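Printed here is data-v5.txt (compact mmCIF, C-alpha atoms and all ligand atoms):
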```txt
# COMPACT_ATOMS: atom_id res chain seq x y z
CA MET X 1 88.16 105.13 75.16
CA ASN X 2 87.07 104.73 78.75
CA LEU X 3 88.32 102.73 81.66
CA VAL X 4 85.65 102.30 84.31
CA VAL X 5 86.00 100.75 87.77
CA ILE X 6 82.94 99.78 89.79
CA PHE X 7 83.40 99.33 93.53
CA GLY X 8 80.71 98.20 95.92
CA PRO X 9 79.92 95.63 98.60
CA PRO X 10 78.75 92.13 97.66
CA GLY X 11 75.14 92.40 96.52
CA ALA X 12 75.40 95.97 95.23
CA GLY X 13 75.15 94.81 91.62
CA LYS X 14 78.68 95.46 90.34
CA SER X 15 78.59 92.64 87.80
CA THR X 16 75.15 93.66 86.52
CA GLN X 17 76.34 97.23 85.90
CA ALA X 18 79.61 96.02 84.33
CA LYS X 19 77.69 93.71 82.01
CA LEU X 20 75.35 96.53 80.97
CA LEU X 21 78.28 98.86 80.28
CA ALA X 22 79.98 96.15 78.27
CA GLU X 23 76.89 95.55 76.18
CA GLN X 24 75.81 99.14 75.63
CA LYS X 25 79.13 101.00 75.50
CA GLY X 26 81.17 98.26 73.87
CA LEU X 27 83.54 98.03 76.82
CA PHE X 28 85.36 94.84 77.68
CA TRP X 29 84.13 93.44 80.99
CA PHE X 30 87.26 92.60 82.93
CA ASP X 31 86.27 90.26 85.74
CA SER X 32 89.62 89.73 87.47
CA GLY X 33 88.41 86.67 89.38
CA LYS X 34 87.44 84.85 86.19
CA PHE X 35 90.52 86.15 84.39
CA LEU X 36 92.91 84.77 87.03
CA GLU X 37 91.04 81.49 87.16
CA ALA X 38 91.46 81.19 83.39
CA LEU X 39 95.16 82.08 83.67
CA VAL X 40 95.96 79.29 86.14
CA GLY X 41 93.96 76.87 84.00
CA ASP X 42 95.64 77.84 80.71
CA PRO X 43 97.80 74.88 79.52
CA ALA X 44 100.01 77.25 77.45
CA ARG X 45 100.88 79.31 80.53
CA LEU X 46 101.60 76.32 82.76
CA LYS X 47 105.05 76.12 81.20
CA GLU X 48 105.91 79.07 83.45
CA LYS X 49 106.99 78.16 86.95
CA ARG X 50 105.20 81.13 88.55
CA VAL X 51 101.93 80.19 86.86
CA ARG X 52 102.29 76.58 88.05
CA GLU X 53 102.88 77.87 91.57
CA ALA X 54 99.90 80.19 91.30
CA ARG X 55 97.77 77.26 90.18
CA LYS X 56 98.70 75.35 93.33
CA ILE X 57 97.80 78.32 95.53
CA PHE X 58 94.55 78.83 93.65
CA LYS X 59 93.53 75.17 93.98
CA ALA X 60 94.19 75.31 97.73
CA GLY X 61 91.84 78.31 97.94
CA GLY X 62 94.66 80.76 98.68
CA ILE X 63 95.22 84.31 97.45
CA LEU X 64 97.51 84.75 94.45
CA PRO X 65 100.69 86.84 94.87
CA THR X 66 99.98 90.53 94.26
CA PRO X 67 102.92 91.06 91.83
CA LEU X 68 101.57 88.24 89.66
CA ILE X 69 98.07 89.77 89.68
CA ILE X 70 99.38 93.24 88.78
CA GLY X 71 101.64 91.88 86.03
CA GLU X 72 98.92 89.79 84.42
CA VAL X 73 96.16 92.40 84.70
CA LEU X 74 98.43 95.03 83.14
CA ARG X 75 99.50 92.70 80.36
CA GLU X 76 95.85 92.05 79.50
CA THR X 77 94.96 95.74 79.87
CA LYS X 78 97.67 96.68 77.35
CA ARG X 79 96.44 94.01 74.96
CA LEU X 80 92.87 95.33 75.19
CA TYR X 81 94.03 98.91 74.78
CA GLN X 82 95.98 98.01 71.66
CA ALA X 83 92.88 96.28 70.33
CA GLY X 84 91.05 99.60 70.71
CA LEU X 85 88.83 98.52 73.57
CA GLY X 86 87.64 100.38 76.65
CA ILE X 87 87.42 98.35 79.87
CA VAL X 88 85.08 98.02 82.81
CA PHE X 89 86.42 96.40 85.99
CA SER X 90 84.04 95.02 88.61
CA GLY X 91 85.32 93.97 91.99
CA SER X 92 88.95 94.89 91.34
CA PRO X 93 91.48 96.24 92.14
CA ARG X 94 90.85 94.40 95.40
CA LEU X 95 93.90 95.55 97.33
CA LEU X 96 95.72 98.87 97.67
CA PRO X 97 99.02 97.58 96.15
CA GLU X 98 97.07 96.44 93.07
CA ALA X 99 95.57 99.90 92.66
CA GLN X 100 98.99 101.51 93.18
CA GLY X 101 100.59 99.19 90.65
CA GLU X 102 97.90 99.45 88.00
CA LEU X 103 96.68 103.06 88.05
CA PRO X 104 99.85 104.74 86.69
CA ILE X 105 99.80 102.46 83.65
CA TRP X 106 96.04 102.94 83.16
CA GLU X 107 96.66 106.68 83.13
CA LYS X 108 99.40 106.33 80.52
CA LEU X 109 97.18 104.23 78.27
CA TYR X 110 93.70 105.70 78.67
CA GLY X 111 94.40 109.17 80.09
CA ARG X 112 93.17 110.51 83.42
CA LYS X 113 90.06 112.18 82.07
CA ASN X 114 88.79 108.92 80.60
CA ILE X 115 89.04 106.96 83.84
CA PHE X 116 85.94 106.74 86.05
CA PHE X 117 85.48 105.32 89.52
CA PHE X 118 81.98 104.47 90.72
CA LEU X 119 81.10 103.33 94.21
CA LEU X 120 77.77 101.56 94.55
CA ASP X 121 76.44 102.44 97.98
CA LEU X 122 74.43 99.85 99.86
CA ASP X 123 73.82 99.71 103.60
CA GLU X 124 74.74 96.54 105.44
CA ARG X 125 71.15 95.46 106.15
CA THR X 126 70.10 95.71 102.52
CA ALA X 127 73.27 93.97 101.34
CA ILE X 128 72.63 91.06 103.69
CA LYS X 129 68.96 90.87 102.75
CA ARG X 130 69.73 90.91 99.03
CA ASN X 131 72.33 88.20 99.31
CA SER X 132 70.16 85.96 101.42
CA ASP X 133 67.31 86.38 98.88
CA ARG X 134 69.54 85.70 95.94
CA LEU X 135 69.33 82.51 93.92
CA VAL X 136 71.84 81.52 91.27
CA CYS X 137 71.37 79.29 88.24
CA LYS X 138 73.42 76.11 88.61
CA VAL X 139 74.06 75.96 84.87
CA CYS X 140 74.55 79.49 83.49
CA LYS X 141 75.25 81.21 86.89
CA ASN X 142 72.67 83.91 86.20
CA PRO X 143 71.57 85.47 89.52
CA TYR X 144 67.93 85.93 90.54
CA LEU X 145 66.50 88.36 93.05
CA SER X 146 62.83 87.56 93.62
CA LYS X 147 62.29 91.33 93.89
CA TYR X 148 63.23 91.84 90.25
CA SER X 149 62.40 88.50 88.65
CA GLY X 150 58.63 89.00 88.91
CA VAL X 151 58.23 85.44 90.15
CA LYS X 152 57.74 84.81 93.85
CA ASN X 153 59.76 81.68 94.35
CA PRO X 154 61.46 80.96 91.05
CA LYS X 155 62.63 77.37 90.68
CA HIS X 156 64.09 77.50 87.19
CA CYS X 157 66.39 79.89 85.36
CA MET X 158 64.63 82.17 82.85
CA ILE X 159 67.60 81.99 80.49
CA CYS X 160 68.48 78.32 80.31
CA GLY X 161 65.82 76.57 82.42
CA GLY X 162 68.49 75.23 84.79
CA PRO X 163 67.80 74.70 88.51
CA LEU X 164 68.27 77.65 90.87
CA TYR X 165 70.07 77.31 94.19
CA LYS X 166 71.28 79.42 97.10
CA ARG X 167 75.05 79.79 97.36
CA THR X 168 76.49 78.95 100.78
CA LEU X 169 78.55 82.15 100.80
CA ASP X 170 75.32 84.15 100.64
CA ASN X 171 74.28 83.32 104.21
CA PRO X 172 74.07 86.21 106.74
CA ILE X 173 77.05 85.21 108.91
CA ILE X 174 79.43 84.81 105.98
CA MET X 175 77.94 87.95 104.43
CA ARG X 176 78.71 90.05 107.50
CA GLU X 177 82.33 88.91 107.35
CA ARG X 178 82.52 89.54 103.58
CA LEU X 179 81.18 93.07 104.14
CA ARG X 180 83.71 93.71 106.89
CA GLN X 181 86.54 92.51 104.65
CA TYR X 182 85.26 94.60 101.77
CA LYS X 183 85.25 97.78 103.88
CA LYS X 184 88.70 97.09 105.28
CA ARG X 185 90.17 96.45 101.82
CA THR X 186 88.39 99.20 99.92
CA ALA X 187 88.78 102.20 102.22
CA PRO X 188 92.55 102.55 101.59
CA ILE X 189 92.04 102.22 97.82
CA ILE X 190 89.46 105.02 97.85
CA GLY X 191 91.85 107.16 99.92
CA TYR X 192 94.66 106.52 97.46
CA LEU X 193 92.53 107.41 94.42
CA ARG X 194 91.38 110.63 96.08
CA SER X 195 94.97 111.53 96.90
CA ARG X 196 95.71 111.21 93.18
CA GLY X 197 92.95 113.69 92.45
CA TYR X 198 90.18 111.31 91.38
CA LYS X 199 86.55 111.84 92.19
CA ILE X 200 84.83 108.73 93.47
CA ILE X 201 81.28 108.87 92.16
CA ARG X 202 78.94 107.42 94.78
CA ILE X 203 75.68 106.00 93.53
CA ASP X 204 72.82 104.70 95.63
CA ALA X 205 72.55 100.99 94.82
CA THR X 206 69.01 100.46 96.15
CA PRO X 207 66.99 101.37 93.00
CA ALA X 208 66.45 98.84 90.21
CA PRO X 209 69.64 98.10 88.25
CA TYR X 210 68.43 99.76 85.04
CA LYS X 211 67.92 103.05 86.91
CA ILE X 212 71.43 102.90 88.31
CA PHE X 213 72.74 102.13 84.86
CA THR X 214 71.03 105.20 83.38
CA LYS X 215 72.83 107.36 85.95
CA ILE X 216 76.22 105.80 85.27
CA LEU X 217 75.78 106.13 81.52
CA LYS X 218 74.78 109.79 81.81
CA ILE X 219 77.86 110.62 83.89
CA ILE X 220 80.24 108.88 81.48
CA GLU X 221 78.65 110.37 78.37
CA LYS X 222 78.53 113.87 79.82
CA ALA X 223 82.25 113.74 80.55
CA SER X 224 83.33 112.31 77.21
ZN ZN X 301 70.55 79.43 83.65
```
Starting from the file, lay out its structure as structure tokens.
Ligand SMILES: [Zn+2]
Amino acid sequence: MNLVVIFGPPGAGKSTQAKLLAEQKGLFWFDSGKFLEALVGDPARLKEKRVREARKIFKAGGILPTPLIIGEVLRETKRLYQAGLGIVFSGSPRLLPEAQGELPIWEKLYGRKNIFFFLLDLDERTAIKRNSDRLVCKVCKNPYLSKYSGVKNPKHCMICGGPLYKRTLDNPIIMRERLRQYKKRTAPIIGYLRSRGYKIIRIDATPAPYKIFTKILKIIEKAS
């Protein structure tokens, strides 16, 4: 069983790769953002004071307490492990303390040799260009890059026919700040993982997603 983590700046295609791994390798796609959103919206969990407090923070657009994130992610990780599932994380751990809190348990469950860290490399210019070209379906949230969709200015989603729109957080000024934050947050995590003897596998994120996926798959299969 594998545990795979995909790092990369916004626009590098982390979710696309995670989704492909989930579909083709039978891994569980652990999207921490969605997971935490579901947690604070779960009526059964709102009996707990700390979850109620987290819900308030979440609704105000704040960042949830790190101990809560670590505790909940690990609880879910253990559940998935016991169910016999491998996991792919995209976009998390986001902060060094999360990585420090989660990695030792991941190692105990999945074993060091089954844990992979990929870093999707994308230069700032390309990341900004991709994000400003990106459209998202209002209904099913499927993203569209005109480069890959084969349609010049798509108006409707190819999956559900819903209207496509440009997210406000995909504009160049916000993107530059998101990239800066990403670098600042991720560098210490990479340093920590290296200090624990992990190889961070860098992959050029400019080719088409399916080509990147072939590379990732090859590396994982060769090692297992
Ligand atoms: Zn759609």
Worksheet item: Which neighbours of region 147-152 of chain X fall inside 9 Å, counting all atoms listed in the file, when residues of the same chain fewer than 5 positions from it are skipped, and could you give them as a PyMOL selection string?
Response: chain X and resi 133+158+208
Distance filter 12 Å around ligand ZN 301 (chain X), atoms: all atoms listed in the file, out as an mmCIF file with C-alpha atoms, in the coordinates of the input:
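This is the output file part39.cif:
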```
data_model
loop_
_atom_site.group_PDB
_atom_site.id
_atom_site.type_symbol
_atom_site.label_atom_id
_atom_site.label_comp_id
_atom_site.auth_asym_id
_atom_site.auth_seq_id
_atom_site.Cartn_x
_atom_site.Cartn_y
_atom_site.Cartn_z
ATOM 1 C CA LEU X 135 69.330 82.510 93.920
ATOM 2 C CA VAL X 136 71.840 81.520 91.270
ATOM 3 C CA CYS X 137 71.370 79.290 88.240
ATOM 4 C CA LYS X 138 73.420 76.110 88.610
ATOM 5 C CA VAL X 139 74.060 75.960 84.870
ATOM 6 C CA CYS X 140 74.550 79.490 83.490
ATOM 7 C CA LYS X 141 75.250 81.210 86.890
ATOM 8 C CA ASN X 142 72.670 83.910 86.200
ATOM 9 C CA PRO X 143 71.570 85.470 89.520
ATOM 10 C CA TYR X 144 67.930 85.930 90.540
ATOM 11 C CA PRO X 154 61.460 80.960 91.050
ATOM 12 C CA LYS X 155 62.630 77.370 90.680
ATOM 13 C CA HIS X 156 64.090 77.500 87.190
ATOM 14 C CA CYS X 157 66.390 79.890 85.360
ATOM 15 C CA MET X 158 64.630 82.170 82.850
ATOM 16 C CA ILE X 159 67.600 81.990 80.490
ATOM 17 C CA CYS X 160 68.480 78.320 80.310
ATOM 18 C CA GLY X 161 65.820 76.570 82.420
ATOM 19 C CA GLY X 162 68.490 75.230 84.790
ATOM 20 C CA PRO X 163 67.800 74.700 88.510
ATOM 21 C CA LEU X 164 68.270 77.650 90.870
ATOM 22 C CA TYR X 165 70.070 77.310 94.190
#
```
Worksheet item: Do you know which residues are at most 9 Å from Leu21 (chain X) counting only C-alpha atoms, after dropping those on the same chain fewer than 4 positions away, and could you put them as a PyMOL selection string?
Response: chain X and resi 16-17+25-29+88+213+216-217
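For the pair CA of Phe116 (chain X) and CA of Phe7 (chain X), the separation is 10.8 Å.
Omitting Thr126 (chain X) and its sequence neighbours fewer than 2 positions away, and counting only C-alpha atoms, the residues within 10 Å are Gly11, Ala12, Leu122, Asp123, Glu124, Ile128, Lys129, Arg130, Asn131, Ser132, Ala205 and Thr206 of chain X.
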Set up a box along x, y and z of the file covering all listed atoms of region 17-33 of chain X, add 8 Å on every one of the six sides, and write the centre and edge lengths in Å to one decimal, as lines of an AutoDock Vina configuration file.
```
center_x = 82.5
center_y = 93.8
center_z = 81.6
size_x = 30.3
size_y = 30.3
size_z = 31.5
```
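In this model, the gap between CA of Ser195 (chain X) and CA of Lys108 (chain X) comes to 17.7 Å.
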Discussion item. Give me, as an MDAnalysis selection string, all polymer residues having an atom no more than 9 Å from Asn2 (chain X), counting all atoms listed in the file and skipping those fewer than 2 positions away in the same chain.
Written reply: chainID X and resid 4 27 85:88 110:111 113:116 220 224
When you look at Arg75 (chain X) with a cut-off of 12 Å (counting all atoms listed in the file), what residues show up, excluding the ones that are within fewer than 4 positions of it in the same chain? I need them as a PDB file with C-alpha atoms, keeping the file's coordinate frame.
```
ATOM      1  CA  PHE X  35      90.520  86.150  84.390  1.00  0.00           C
ATOM      2  CA  LEU X  39      95.160  82.080  83.670  1.00  0.00           C
ATOM      3  CA  LEU X  68     101.570  88.240  89.660  1.00  0.00           C
ATOM      4  CA  ILE X  69      98.070  89.770  89.680  1.00  0.00           C
ATOM      5  CA  ILE X  70      99.380  93.240  88.780  1.00  0.00           C
ATOM      6  CA  GLY X  71     101.640  91.880  86.030  1.00  0.00           C
ATOM      7  CA  ARG X  79      96.440  94.010  74.960  1.00  0.00           C
ATOM      8  CA  LEU X  80      92.870  95.330  75.190  1.00  0.00           C
ATOM      9  CA  TYR X  81      94.030  98.910  74.780  1.00  0.00           C
ATOM     10  CA  GLN X  82      95.980  98.010  71.660  1.00  0.00           C
ATOM     11  CA  GLU X 102      97.900  99.450  88.000  1.00  0.00           C
ATOM     12  CA  ILE X 105      99.800 102.460  83.650  1.00  0.00           C
ATOM     13  CA  TRP X 106      96.040 102.940  83.160  1.00  0.00           C
ATOM     14  CA  LEU X 109      97.180 104.230  78.270  1.00  0.00           C
TER      15      LEU X 109
END
```
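You can rank X:Leu95, X:Leu46, X:Leu120, X:Ile57 by their closest distance to Gln181 (chain X) using only C-alpha atoms, and at the top of that list sits X:Leu95.
Between CA of Tyr210 (chain X) and CA of Leu20 (chain X) the interatomic distance comes to 8.7 Å.
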Item to complete: Identify which of the residues X:Gly8, X:Pro93, X:Pro172, X:Gly197 lies closest to Leu74 (chain X), counting only C-alpha atoms when measuring atom-to-atom distances.
Response: X:Pro93
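Compared by their closest atoms to Val73 (chain X), and using all atoms listed in the file, the residues X:Asn171, X:Asn153, X:Ser15, X:Ser32 rank with X:Ser32 nearest.
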